[in-house]
>>> print(open('my_file_36.pdb').read())   # PDB, C-alpha atoms
ATOM      1  CA  SER S   1     -14.901  18.509   4.817
ATOM      2  CA  LEU S   2     -18.355  19.498   3.597
ATOM      3  CA  ILE S   3     -18.050  22.708   1.568
ATOM      4  CA  PHE S   4     -21.217  24.513   0.491
ATOM      5  CA  ALA S   5     -21.533  26.897  -2.450
ATOM      6  CA  ASP S   6     -22.017  29.915  -0.163
ATOM      7  CA  ALA S   7     -18.842  29.259   1.820
ATOM      8  CA  ASP S   8     -15.835  31.549   1.950
ATOM      9  CA  LEU S   9     -13.880  29.511  -0.584
ATOM     10  CA  ASP S  10     -10.573  31.224   0.169
ATOM     11  CA  GLN S  11     -10.830  30.141   3.795
ATOM     12  CA  ALA S  12     -12.066  26.665   2.882
ATOM     13  CA  ILE S  13      -9.166  26.177   0.475
ATOM     14  CA  THR S  14      -6.565  27.459   2.937
ATOM     15  CA  ASP S  15      -7.911  25.237   5.715
ATOM     16  CA  SER S  16      -8.205  22.231   3.397
ATOM     17  CA  LEU S  17      -4.519  22.471   2.487
ATOM     18  CA  SER S  18      -3.913  21.328   6.056
ATOM     19  CA  ALA S  19      -4.697  17.834   4.784
ATOM     20  CA  PHE S  20      -1.066  17.828   3.611
ATOM     21  CA  ARG S  21       0.332  18.468   7.108
ATOM     22  CA  LEU S  22       3.035  15.936   7.952
ATOM     23  CA  ALA S  23       2.646  14.654   4.378
ATOM     24  CA  GLY S  24      -0.926  13.613   5.142
ATOM     25  CA  GLN S  25       0.151  11.319   7.984
ATOM     26  CA  VAL S  26      -2.384  12.726  10.448
ATOM     27  CA  CYS S  27      -5.324  10.817  11.888
ATOM     28  CA  PHE S  28      -7.801  13.658  11.281
ATOM     29  CA  ALA S  29      -6.417  14.865   7.946
ATOM     30  CA  GLY S  30      -9.305  16.121   5.812
ATOM     31  CA  THR S  31      -8.537  14.000   2.764
ATOM     32  CA  ARG S  32     -12.119  13.987   1.425
ATOM     33  CA  LEU S  33     -13.335  17.403   0.269
ATOM     34  CA  ILE S  34     -17.048  17.095  -0.465
ATOM     35  CA  VAL S  35     -17.869  20.225  -2.453
ATOM     36  CA  GLN S  36     -21.260  21.458  -3.642
ATOM     37  CA  ARG S  37     -21.558  20.977  -7.384
ATOM     38  CA  ASP S  38     -22.140  24.670  -8.169
ATOM     39  CA  VAL S  39     -18.589  25.501  -7.054
ATOM     40  CA  HIS S  40     -16.927  22.103  -7.476
ATOM     41  CA  GLU S  41     -15.065  22.999 -10.672
ATOM     42  CA  ALA S  42     -13.901  26.418  -9.475
ATOM     43  CA  PHE S  43     -12.910  25.083  -6.062
ATOM     44  CA  SER S  44     -10.998  22.168  -7.593
ATOM     45  CA  ALA S  45      -9.035  24.436  -9.933
ATOM     46  CA  ARG S  46      -8.131  26.889  -7.187
ATOM     47  CA  PHE S  47      -7.244  24.152  -4.728
ATOM     48  CA  ALA S  48      -5.008  22.470  -7.309
ATOM     49  CA  GLU S  49      -3.289  25.796  -8.003
ATOM     50  CA  ARG S  50      -2.561  26.322  -4.314
ATOM     51  CA  THR S  51      -1.329  22.739  -4.043
ATOM     52  CA  ARG S  52       1.159  23.216  -6.901
ATOM     53  CA  ALA S  53       2.726  26.059  -4.927
ATOM     54  CA  LEU S  54       3.513  23.820  -1.948
ATOM     55  CA  ARG S  55       7.192  23.022  -1.563
ATOM     56  CA  VAL S  56       8.279  19.456  -0.855
ATOM     57  CA  GLY S  57      11.623  19.211   0.872
ATOM     58  CA  ASP S  58      13.740  19.001   3.988
ATOM     59  CA  PRO S  59      11.399  19.561   6.948
ATOM     60  CA  MET S  60      14.170  21.423   8.778
ATOM     61  CA  LEU S  61      14.091  24.228   6.200
ATOM     62  CA  ALA S  62      11.784  27.185   6.799
ATOM     63  CA  ASP S  63      10.414  27.259   3.252
ATOM     64  CA  THR S  64       9.376  23.581   3.229
ATOM     65  CA  ASN S  65       5.643  22.834   3.308
ATOM     66  CA  ILE S  66       5.675  19.046   3.009
ATOM     67  CA  GLY S  67       8.313  16.699   4.377
ATOM     68  CA  PRO S  68       8.903  12.979   3.813
ATOM     69  CA  LEU S  69       6.707   9.979   4.410
ATOM     70  CA  ILE S  70       7.659   7.629   7.219
ATOM     71  CA  SER S  71       9.200   4.878   5.054
ATOM     72  CA  ALA S  72       9.916   3.647   1.545
ATOM     73  CA  GLN S  73       7.100   1.144   1.975
ATOM     74  CA  GLN S  74       4.640   3.957   2.641
ATOM     75  CA  VAL S  75       5.814   5.778  -0.485
ATOM     76  CA  GLU S  76       5.046   2.666  -2.512
ATOM     77  CA  ARG S  77       1.662   2.350  -0.809
ATOM     78  CA  VAL S  78       0.719   5.940  -1.634
ATOM     79  CA  ALA S  79       1.917   5.520  -5.228
ATOM     80  CA  GLY S  80      -0.233   2.406  -5.459
ATOM     81  CA  TYR S  81      -3.313   4.345  -4.376
ATOM     82  CA  VAL S  82      -2.599   7.018  -6.977
ATOM     83  CA  GLY S  83      -2.623   4.286  -9.596
ATOM     84  CA  VAL S  84      -5.877   2.951  -8.162
ATOM     85  CA  GLY S  85      -7.466   6.402  -8.372
ATOM     86  CA  GLU S  86      -6.453   6.820 -11.998
ATOM     87  CA  GLY S  87      -7.770   3.356 -12.768
ATOM     88  CA  GLU S  88     -11.076   4.176 -11.080
ATOM     89  CA  GLY S  89     -11.526   7.174 -13.352
ATOM     90  CA  ALA S  90     -10.844  10.048 -10.957
ATOM     91  CA  HIS S  91      -9.316  13.140 -12.572
ATOM     92  CA  LYS S  92      -5.804  13.775 -11.258
ATOM     93  CA  LEU S  93      -5.245  17.531 -11.195
ATOM     94  CA  VAL S  94      -1.768  17.727  -9.700
ATOM     95  CA  GLY S  95       0.998  15.558  -8.260
ATOM     96  CA  GLY S  96       0.934  11.802  -8.146
ATOM     97  CA  ASN S  97       4.653  11.078  -8.293
ATOM     98  CA  ARG S  98       7.514  10.299  -6.007
ATOM     99  CA  ALA S  99      10.112  13.073  -5.866
ATOM    100  CA  SER S 100      12.808  11.959  -8.300
ATOM    101  CA  GLU S 101      15.153  14.910  -8.739
ATOM    102  CA  GLY S 102      18.109  16.103  -6.705
ATOM    103  CA  PRO S 103      18.652  15.047  -3.098
ATOM    104  CA  LEU S 104      14.921  14.385  -2.590
ATOM    105  CA  ALA S 105      15.240  11.325  -4.813
ATOM    106  CA  GLN S 106      17.198   9.648  -2.021
ATOM    107  CA  GLY S 107      14.376  10.121   0.490
ATOM    108  CA  ASN S 108      10.746   9.163   0.983
ATOM    109  CA  PHE S 109       9.220  12.245  -0.596
ATOM    110  CA  PHE S 110       5.934  12.255  -2.504
ATOM    111  CA  GLU S 111       4.237  15.104  -4.350
ATOM    112  CA  PRO S 112       0.966  16.454  -2.912
ATOM    113  CA  THR S 113      -1.751  14.962  -5.076
ATOM    114  CA  VAL S 114      -5.300  16.088  -5.839
ATOM    115  CA  PHE S 115      -8.064  14.083  -7.491
ATOM    116  CA  ALA S 116     -11.293  15.812  -8.568
ATOM    117  CA  GLY S 117     -14.590  14.578  -9.951
ATOM    118  CA  ALA S 118     -14.326  11.479  -7.808
ATOM    119  CA  THR S 119     -17.152   9.411  -6.377
ATOM    120  CA  ASN S 120     -17.389   8.256  -2.801
ATOM    121  CA  ALA S 121     -17.493   4.623  -3.925
ATOM    122  CA  MET S 122     -13.878   4.808  -5.131
ATOM    123  CA  ARG S 123     -11.195   3.176  -2.997
ATOM    124  CA  ILE S 124      -9.264   6.445  -2.817
ATOM    125  CA  ALA S 125     -12.307   7.919  -1.044
ATOM    126  CA  GLN S 126     -13.129   4.951   1.166
ATOM    127  CA  GLU S 127      -9.705   3.777   2.336
ATOM    128  CA  GLU S 128      -7.222   5.597   4.547
ATOM    129  CA  ILE S 129      -4.208   6.367   2.358
ATOM    130  CA  PHE S 130      -2.265   8.171   5.100
ATOM    131  CA  GLY S 131      -0.313  10.206   2.593
ATOM    132  CA  PRO S 132      -0.507  13.543   0.731
ATOM    133  CA  VAL S 133      -3.548  12.640  -1.382
ATOM    134  CA  VAL S 134      -6.791  14.653  -1.381
ATOM    135  CA  VAL S 135     -10.001  13.564  -3.118
ATOM    136  CA  ILE S 136     -12.629  16.132  -4.164
ATOM    137  CA  ILE S 137     -16.183  14.799  -4.482
ATOM    138  CA  PRO S 138     -19.192  16.800  -5.740
ATOM    139  CA  PHE S 139     -22.564  16.870  -4.000
ATOM    140  CA  ASP S 140     -25.911  18.559  -4.652
ATOM    141  CA  THR S 141     -28.137  19.083  -1.605
ATOM    142  CA  LEU S 142     -27.384  19.240   2.113
ATOM    143  CA  ASP S 143     -28.863  15.782   2.631
ATOM    144  CA  ASP S 144     -26.780  14.464  -0.256
ATOM    145  CA  GLY S 145     -23.593  15.947   1.177
ATOM    146  CA  VAL S 146     -24.210  14.559   4.665
ATOM    147  CA  ARG S 147     -25.038  11.143   3.213
ATOM    148  CA  ILE S 148     -21.758  11.061   1.295
ATOM    149  CA  ALA S 149     -19.766  12.265   4.298
ATOM    150  CA  ASN S 150     -21.306   9.604   6.544
ATOM    151  CA  ASP S 151     -20.734   6.842   3.984
ATOM    152  CA  SER S 152     -17.424   5.819   5.512
ATOM    153  CA  ILE S 153     -16.200   3.341   8.088
ATOM    154  CA  TYR S 154     -14.399   6.233   9.780
ATOM    155  CA  GLY S 155     -15.796   9.053  11.871
ATOM    156  CA  LEU S 156     -13.062  10.909  13.711
ATOM    157  CA  ALA S 157     -13.464  14.513  12.566
ATOM    158  CA  ALA S 158     -15.418  16.574  10.064
ATOM    159  CA  ARG S 159     -15.618  20.180   8.935
ATOM    160  CA  VAL S 160     -18.446  22.280   7.517
ATOM    161  CA  TYR S 161     -17.987  25.461   5.489
ATOM    162  CA  THR S 162     -21.016  27.696   4.907
ATOM    163  CA  ARG S 163     -22.224  31.216   5.716
ATOM    164  CA  ASP S 164     -25.671  29.903   6.677
ATOM    165  CA  LEU S 165     -25.840  29.116  10.400
ATOM    166  CA  ARG S 166     -28.897  26.892   9.991
ATOM    167  CA  THR S 167     -27.140  24.830   7.344
ATOM    168  CA  ALA S 168     -24.039  24.595   9.528
ATOM    169  CA  LEU S 169     -25.929  23.451  12.610
ATOM    170  CA  ARG S 170     -28.013  20.916  10.731
ATOM    171  CA  ALA S 171     -24.969  19.429   8.996
ATOM    172  CA  ALA S 172     -22.974  19.365  12.240
ATOM    173  CA  ARG S 173     -25.857  17.596  13.987
ATOM    174  CA  ASP S 174     -26.233  14.930  11.299
ATOM    175  CA  LEU S 175     -22.553  14.219  10.603
ATOM    176  CA  ARG S 176     -21.361  11.028  12.296
ATOM    177  CA  ALA S 177     -18.027  12.304  13.562
ATOM    178  CA  GLY S 178     -16.599  12.768  17.024
ATOM    179  CA  SER S 179     -15.601  16.382  16.353
ATOM    180  CA  VAL S 180     -17.108  18.829  13.856
ATOM    181  CA  GLY S 181     -15.549  22.190  13.080
ATOM    182  CA  VAL S 182     -17.637  24.926  11.451
ATOM    183  CA  ASN S 183     -15.666  27.336   9.270
ATOM    184  CA  LEU S 184     -12.382  26.362  10.903
ATOM    185  CA  TYR S 185      -9.806  23.616  10.786
ATOM    186  CA  MET S 186      -9.584  21.023  13.527
ATOM    187  CA  VAL S 187      -8.802  22.606  16.884
ATOM    188  CA  ASN S 188      -8.295  20.445  19.972
ATOM    189  CA  HIS S 189      -8.925  21.991  23.371
ATOM    190  CA  ARG S 190      -7.834  20.238  26.531
ATOM    191  CA  GLN S 191     -11.275  20.916  27.988
ATOM    192  CA  THR S 192     -13.229  19.214  25.209
ATOM    193  CA  PRO S 193     -13.255  15.467  24.439
ATOM    194  CA  PHE S 194     -11.549  14.218  21.274
ATOM    195  CA  GLY S 195     -12.331  10.853  19.719
ATOM    196  CA  GLY S 196     -14.298   9.230  16.939
ATOM    197  CA  PHE S 197     -17.271   7.143  15.937
ATOM    198  CA  LYS S 198     -17.353   3.849  14.034
ATOM    199  CA  GLN S 199     -13.823   2.519  13.349
ATOM    200  CA  SER S 200     -12.055   5.705  14.418
ATOM    201  CA  GLY S 201     -10.597   4.601  17.700
ATOM    202  CA  PHE S 202     -12.370   4.188  21.000
ATOM    203  CA  GLY S 203     -12.914   6.293  24.085
ATOM    204  CA  ARG S 204     -12.021   9.968  24.353
ATOM    205  CA  GLU S 205      -8.919  12.039  24.990
ATOM    206  CA  TYR S 206      -9.060  15.383  26.818
ATOM    207  CA  GLY S 207     -11.897  16.711  28.922
ATOM    208  CA  VAL S 208     -13.337  14.942  31.951
ATOM    209  CA  GLU S 209     -14.267  12.067  29.601
ATOM    210  CA  ALA S 210     -10.571  11.148  29.343
ATOM    211  CA  ILE S 211     -10.558  10.214  33.022
ATOM    212  CA  ASP S 212     -12.654   7.155  32.157
ATOM    213  CA  ALA S 213      -9.754   5.746  30.143
ATOM    214  CA  TYR S 214      -7.685   5.580  33.331
ATOM    215  CA  THR S 215     -10.465   4.412  35.640
ATOM    216  CA  GLU S 216     -11.461   0.909  36.661
ATOM    217  CA  ARG S 217     -14.844   0.746  38.346
ATOM    218  CA  LYS S 218     -15.687  -1.862  40.929
ATOM    219  CA  THR S 219     -19.141  -2.848  42.111
ATOM    220  CA  ILE S 220     -19.603  -4.311  45.608
ATOM    221  CA  LEU S 221     -22.926  -5.920  46.424
ATOM    222  CA  ILE S 222     -23.705  -6.828  50.049
ATOM    223  CA  GLY S 223     -26.573  -9.101  50.931
ATOM    224  CA  GLY S 224     -28.451  -9.284  54.196
ATOM    225  CA  ALA S 225     -27.024 -10.985  57.305
TER
END
>>> encode(input="my_file_36.pdb", output="structure tokens")
Amino acid sequence: SLIFADADLDQAITDSLSAFRLAGQVCFAGTRLIVQRDVHEAFSARFAERTRALRVGDPMLADTNIGPLISAQQVERVAGYVGVGEGEGAHKLVGGNRASEGPLAQGNFFEPTVFAGATNAMRIAQEEIFGPVVVIIPFDTLDDGVRIANDSIYGLAARVYTRDLRTALRAARDLRAGSVGVNLYMVNHRQTPFGGFKQSGFGREYGVEAIDAYTERKTILIGGA
């Protein structure tokens, strides 16, 4: 997500918490929050506060916000990335531990984790953790923000938050992602194609473009008698 200083921060924060859906095990989870420097500190503090309020627990309970990871191995993998982030010098604001109290200690539960003041060169920003870990990265100008967002081997989905339509359209045009949402979280419509650029899959789902995935084309050439 590319979040500009003039954005509705309450909306951007609420939408960005969706990165923790299914404990972050979502292909288009917005795990990099690229926030304009003027509001980076305030955004980070407010986002961390909202993250602390999330409840980790049994996904069958109505008051649970974050359920378990898929396996014990994935818990160890996520914990390893948290250690990498701390070693790289990112500032951990909240979380970073496996649930270790009560019945959750017997499962594959991991606290939602937020790093701020990170750089895009860090492994926690460049590699797909596939867990409840969000990295907040500051940027200065529009060009700077787009450059950081595009500096990734992935390009499935992106989001832009700003009140300036010209800024939104320019950023959406320049972002190398298969889907770009402006002031909203990822929404898939059956009528519109969904898929990514670079190493984010191939082909498209939904829309008439999806028909190509199930089509084999044959060419028949007939010469003269």
>>> closest_residue(input="my_file_36.pdb", among="S:Ala116, S:Ala90, S:Leu61, S:Val180", to="Glu41 of chain S", atoms="only C-alpha atoms")
S:Ala116
>>> resolve_selection(input="my_file_36.pdb", expression="the PyMOL selection byres ((chain S and resi 55) around 12)", output="MDAnalysis selection string")
chainID S and resid 20:21 23 50:54 56:59 61:68 95 99 104 109:112
>>> resolve_selection(input="my_file_36.pdb", expression="the PyMOL selection byres ((chain S and resi 190) around 12)", output="JSON, numbers by chain")
{"S": [187, 188, 189, 191, 192, 193, 194, 204, 205, 206, 207, 208, 209, 210]}
>>> resolve_selection(input="my_file_36.pdb", expression="the PyMOL selection byres ((chain S and resi 73-80) around 12)", output="ChimeraX atom specification")
/S:23-25,68-72,81-87,95-99,105,107-113,123-124,127-134
>>> closest_residue(input="my_file_36.pdb", among="S:Tyr185, S:Tyr161, S:Tyr214, S:Phe139", to="Thr119 of chain S", atoms="only C-alpha atoms")
S:Phe139
>>> closest_residue(input="my_file_36.pdb", among="S:Ala177, S:Leu33, S:Ala125, S:Leu17", to="Gly201 of chain S", atoms="only C-alpha atoms")
S:Ala177
>>> closest_residue(input="my_file_36.pdb", among="S:Arg37, S:Ala118, S:Asp10, S:Arg217", to="Val135 of chain S", atoms="all atoms listed in the file")
S:Ala118
>>> closest_residue(input="my_file_36.pdb", among="S:Thr219, S:Asn183, S:Ser18, S:Ser44", to="His91 of chain S", atoms="all atoms listed in the file")
S:Ser44
>>> closest_residue(input="my_file_36.pdb", among="S:Gly102, S:Ile137, S:Leu93, S:Glu88", to="Ser1 of chain S", atoms="all atoms listed in the file")
S:Ile137
>>> residues_around(input="my_file_36.pdb", residues="Asn120 of chain S", least_positions_apart="6", cutoff="8 Å", atoms="only C-alpha atoms", output="JSON, numbers by chain")
{"S": [126, 137, 148, 151]}
>>> atom_distance(input="my_file_36.pdb", atom1="atom CA of Asp6 of chain S", atom2="atom CA of Pro138 of chain S")
14.5 Å
>>> atom_distance(input="my_file_36.pdb", atom1="atom CA of Leu9 of chain S", atom2="atom CA of Gly195 of chain S")
27.6 Å
>>> atom_distance(input="my_file_36.pdb", atom1="atom CA of Gly181 of chain S", atom2="atom CA of Ala157 of chain S")
8.0 Å
>>> residues_near_point(input="my_file_36.pdb", point="(-14.7, 10.9, 13.1)", cutoff="7 Å", atoms="all atoms listed in the file", output="list of chain:residue names")
S:Tyr154, S:Gly155, S:Leu156, S:Ala157, S:Ala158, S:Arg176, S:Ala177, S:Gly178, S:Ser179, S:Gly196, S:Phe197, S:Ser200
>>> build_atoms(input="my_file_36.pdb", residues="segment 212-223 of chain S", atoms="all heavy atoms", output="PDB file, in the frame of the given file")
ATOM      1  N   ASP S 212     -12.118   8.518  32.236  1.00  0.00           N
ATOM      2  CA  ASP S 212     -12.654   7.155  32.157  1.00  0.00           C
ATOM      3  C   ASP S 212     -11.633   6.169  31.612  1.00  0.00           C
ATOM      4  O   ASP S 212     -11.653   4.985  31.963  1.00  0.00           O
ATOM      5  CB  ASP S 212     -13.914   7.130  31.282  1.00  0.00           C
ATOM      6  CG  ASP S 212     -15.098   7.793  31.967  1.00  0.00           C
ATOM      7  OD1 ASP S 212     -15.079   7.890  33.212  1.00  0.00           O
ATOM      8  OD2 ASP S 212     -16.031   8.220  31.265  1.00  0.00           O
ATOM      9  N   ALA S 213     -10.750   6.644  30.732  1.00  0.00           N
ATOM     10  CA  ALA S 213      -9.754   5.746  30.143  1.00  0.00           C
ATOM     11  C   ALA S 213      -8.760   5.245  31.184  1.00  0.00           C
ATOM     12  O   ALA S 213      -8.094   4.234  30.970  1.00  0.00           O
ATOM     13  CB  ALA S 213      -9.017   6.449  29.005  1.00  0.00           C
ATOM     14  N   TYR S 214      -8.644   5.952  32.294  1.00  0.00           N
ATOM     15  CA  TYR S 214      -7.685   5.580  33.331  1.00  0.00           C
ATOM     16  C   TYR S 214      -8.395   5.120  34.617  1.00  0.00           C
ATOM     17  O   TYR S 214      -7.799   5.102  35.684  1.00  0.00           O
ATOM     18  CB  TYR S 214      -6.782   6.774  33.652  1.00  0.00           C
ATOM     19  CG  TYR S 214      -6.013   7.257  32.457  1.00  0.00           C
ATOM     20  CD1 TYR S 214      -6.514   8.287  31.651  1.00  0.00           C
ATOM     21  CD2 TYR S 214      -4.807   6.665  32.087  1.00  0.00           C
ATOM     22  CE1 TYR S 214      -5.823   8.721  30.538  1.00  0.00           C
ATOM     23  CE2 TYR S 214      -4.108   7.096  30.976  1.00  0.00           C
ATOM     24  CZ  TYR S 214      -4.624   8.121  30.201  1.00  0.00           C
ATOM     25  OH  TYR S 214      -3.937   8.543  29.092  1.00  0.00           O
ATOM     26  N   THR S 215      -9.664   4.763  34.467  1.00  0.00           N
ATOM     27  CA  THR S 215     -10.465   4.412  35.640  1.00  0.00           C
ATOM     28  C   THR S 215     -10.995   2.990  35.517  1.00  0.00           C
ATOM     29  O   THR S 215     -11.523   2.604  34.467  1.00  0.00           O
ATOM     30  CB  THR S 215     -11.659   5.381  35.786  1.00  0.00           C
ATOM     31  OG1 THR S 215     -11.165   6.722  35.899  1.00  0.00           O
ATOM     32  CG2 THR S 215     -12.485   5.051  37.013  1.00  0.00           C
ATOM     33  N   GLU S 216     -10.836   2.221  36.572  1.00  0.00           N
ATOM     34  CA  GLU S 216     -11.461   0.909  36.661  1.00  0.00           C
ATOM     35  C   GLU S 216     -12.534   0.975  37.754  1.00  0.00           C
ATOM     36  O   GLU S 216     -12.253   1.349  38.902  1.00  0.00           O
ATOM     37  CB  GLU S 216     -10.433  -0.180  37.018  1.00  0.00           C
ATOM     38  CG  GLU S 216      -9.454  -0.473  35.891  1.00  0.00           C
ATOM     39  CD  GLU S 216      -8.513  -1.611  36.260  1.00  0.00           C
ATOM     40  OE1 GLU S 216      -8.053  -1.630  37.416  1.00  0.00           O
ATOM     41  OE2 GLU S 216      -8.250  -2.456  35.404  1.00  0.00           O
ATOM     42  N   ARG S 217     -13.733   0.627  37.406  1.00  0.00           N
ATOM     43  CA  ARG S 217     -14.844   0.746  38.346  1.00  0.00           C
ATOM     44  C   ARG S 217     -15.153  -0.635  38.953  1.00  0.00           C
ATOM     45  O   ARG S 217     -15.179  -1.645  38.253  1.00  0.00           O
ATOM     46  CB  ARG S 217     -16.071   1.315  37.657  1.00  0.00           C
ATOM     47  CG  ARG S 217     -15.787   2.678  37.015  1.00  0.00           C
ATOM     48  CD  ARG S 217     -17.040   3.334  36.446  1.00  0.00           C
ATOM     49  NE  ARG S 217     -16.718   4.574  35.757  1.00  0.00           N
ATOM     50  CZ  ARG S 217     -16.562   5.753  36.364  1.00  0.00           C
ATOM     51  NH1 ARG S 217     -16.701   5.828  37.679  1.00  0.00           N
ATOM     52  NH2 ARG S 217     -16.290   6.828  35.656  1.00  0.00           N
ATOM     53  N   LYS S 218     -15.364  -0.623  40.221  1.00  0.00           N
ATOM     54  CA  LYS S 218     -15.687  -1.862  40.929  1.00  0.00           C
ATOM     55  C   LYS S 218     -17.061  -1.731  41.570  1.00  0.00           C
ATOM     56  O   LYS S 218     -17.399  -0.685  42.136  1.00  0.00           O
ATOM     57  CB  LYS S 218     -14.642  -2.141  42.016  1.00  0.00           C
ATOM     58  CG  LYS S 218     -14.956  -3.389  42.850  1.00  0.00           C
ATOM     59  CD  LYS S 218     -13.976  -3.545  44.000  1.00  0.00           C
ATOM     60  CE  LYS S 218     -12.608  -3.941  43.486  1.00  0.00           C
ATOM     61  NZ  LYS S 218     -11.675  -4.258  44.600  1.00  0.00           N
ATOM     62  N   THR S 219     -17.837  -2.790  41.478  1.00  0.00           N
ATOM     63  CA  THR S 219     -19.141  -2.848  42.111  1.00  0.00           C
ATOM     64  C   THR S 219     -19.103  -3.857  43.258  1.00  0.00           C
ATOM     65  O   THR S 219     -18.665  -4.996  43.069  1.00  0.00           O
ATOM     66  CB  THR S 219     -20.228  -3.276  41.104  1.00  0.00           C
ATOM     67  OG1 THR S 219     -20.259  -2.330  40.028  1.00  0.00           O
ATOM     68  CG2 THR S 219     -21.594  -3.332  41.761  1.00  0.00           C
ATOM     69  N   ILE S 220     -19.532  -3.434  44.439  1.00  0.00           N
ATOM     70  CA  ILE S 220     -19.603  -4.311  45.608  1.00  0.00           C
ATOM     71  C   ILE S 220     -21.061  -4.444  46.028  1.00  0.00           C
ATOM     72  O   ILE S 220     -21.730  -3.442  46.303  1.00  0.00           O
ATOM     73  CB  ILE S 220     -18.760  -3.758  46.783  1.00  0.00           C
ATOM     74  CG1 ILE S 220     -17.297  -3.639  46.358  1.00  0.00           C
ATOM     75  CG2 ILE S 220     -18.911  -4.636  48.014  1.00  0.00           C
ATOM     76  CD1 ILE S 220     -16.411  -2.997  47.400  1.00  0.00           C
ATOM     77  N   LEU S 221     -21.547  -5.658  46.049  1.00  0.00           N
ATOM     78  CA  LEU S 221     -22.926  -5.920  46.424  1.00  0.00           C
ATOM     79  C   LEU S 221     -22.929  -6.681  47.747  1.00  0.00           C
ATOM     80  O   LEU S 221     -22.257  -7.712  47.874  1.00  0.00           O
ATOM     81  CB  LEU S 221     -23.630  -6.743  45.344  1.00  0.00           C
ATOM     82  CG  LEU S 221     -23.623  -6.137  43.932  1.00  0.00           C
ATOM     83  CD1 LEU S 221     -24.212  -7.111  42.931  1.00  0.00           C
ATOM     84  CD2 LEU S 221     -24.377  -4.822  43.907  1.00  0.00           C
ATOM     85  N   ILE S 222     -23.661  -6.202  48.738  1.00  0.00           N
ATOM     86  CA  ILE S 222     -23.705  -6.828  50.049  1.00  0.00           C
ATOM     87  C   ILE S 222     -25.127  -7.284  50.337  1.00  0.00           C
ATOM     88  O   ILE S 222     -26.071  -6.486  50.305  1.00  0.00           O
ATOM     89  CB  ILE S 222     -23.230  -5.837  51.133  1.00  0.00           C
ATOM     90  CG1 ILE S 222     -21.793  -5.372  50.837  1.00  0.00           C
ATOM     91  CG2 ILE S 222     -23.338  -6.480  52.533  1.00  0.00           C
ATOM     92  CD1 ILE S 222     -21.271  -4.356  51.806  1.00  0.00           C
ATOM     93  N   GLY S 223     -25.259  -8.560  50.600  1.00  0.00           N
ATOM     94  CA  GLY S 223     -26.573  -9.101  50.931  1.00  0.00           C
ATOM     95  C   GLY S 223     -26.880  -8.962  52.412  1.00  0.00           C
ATOM     96  O   GLY S 223     -26.028  -8.522  53.209  1.00  0.00           O
TER      97      GLY S 223
END
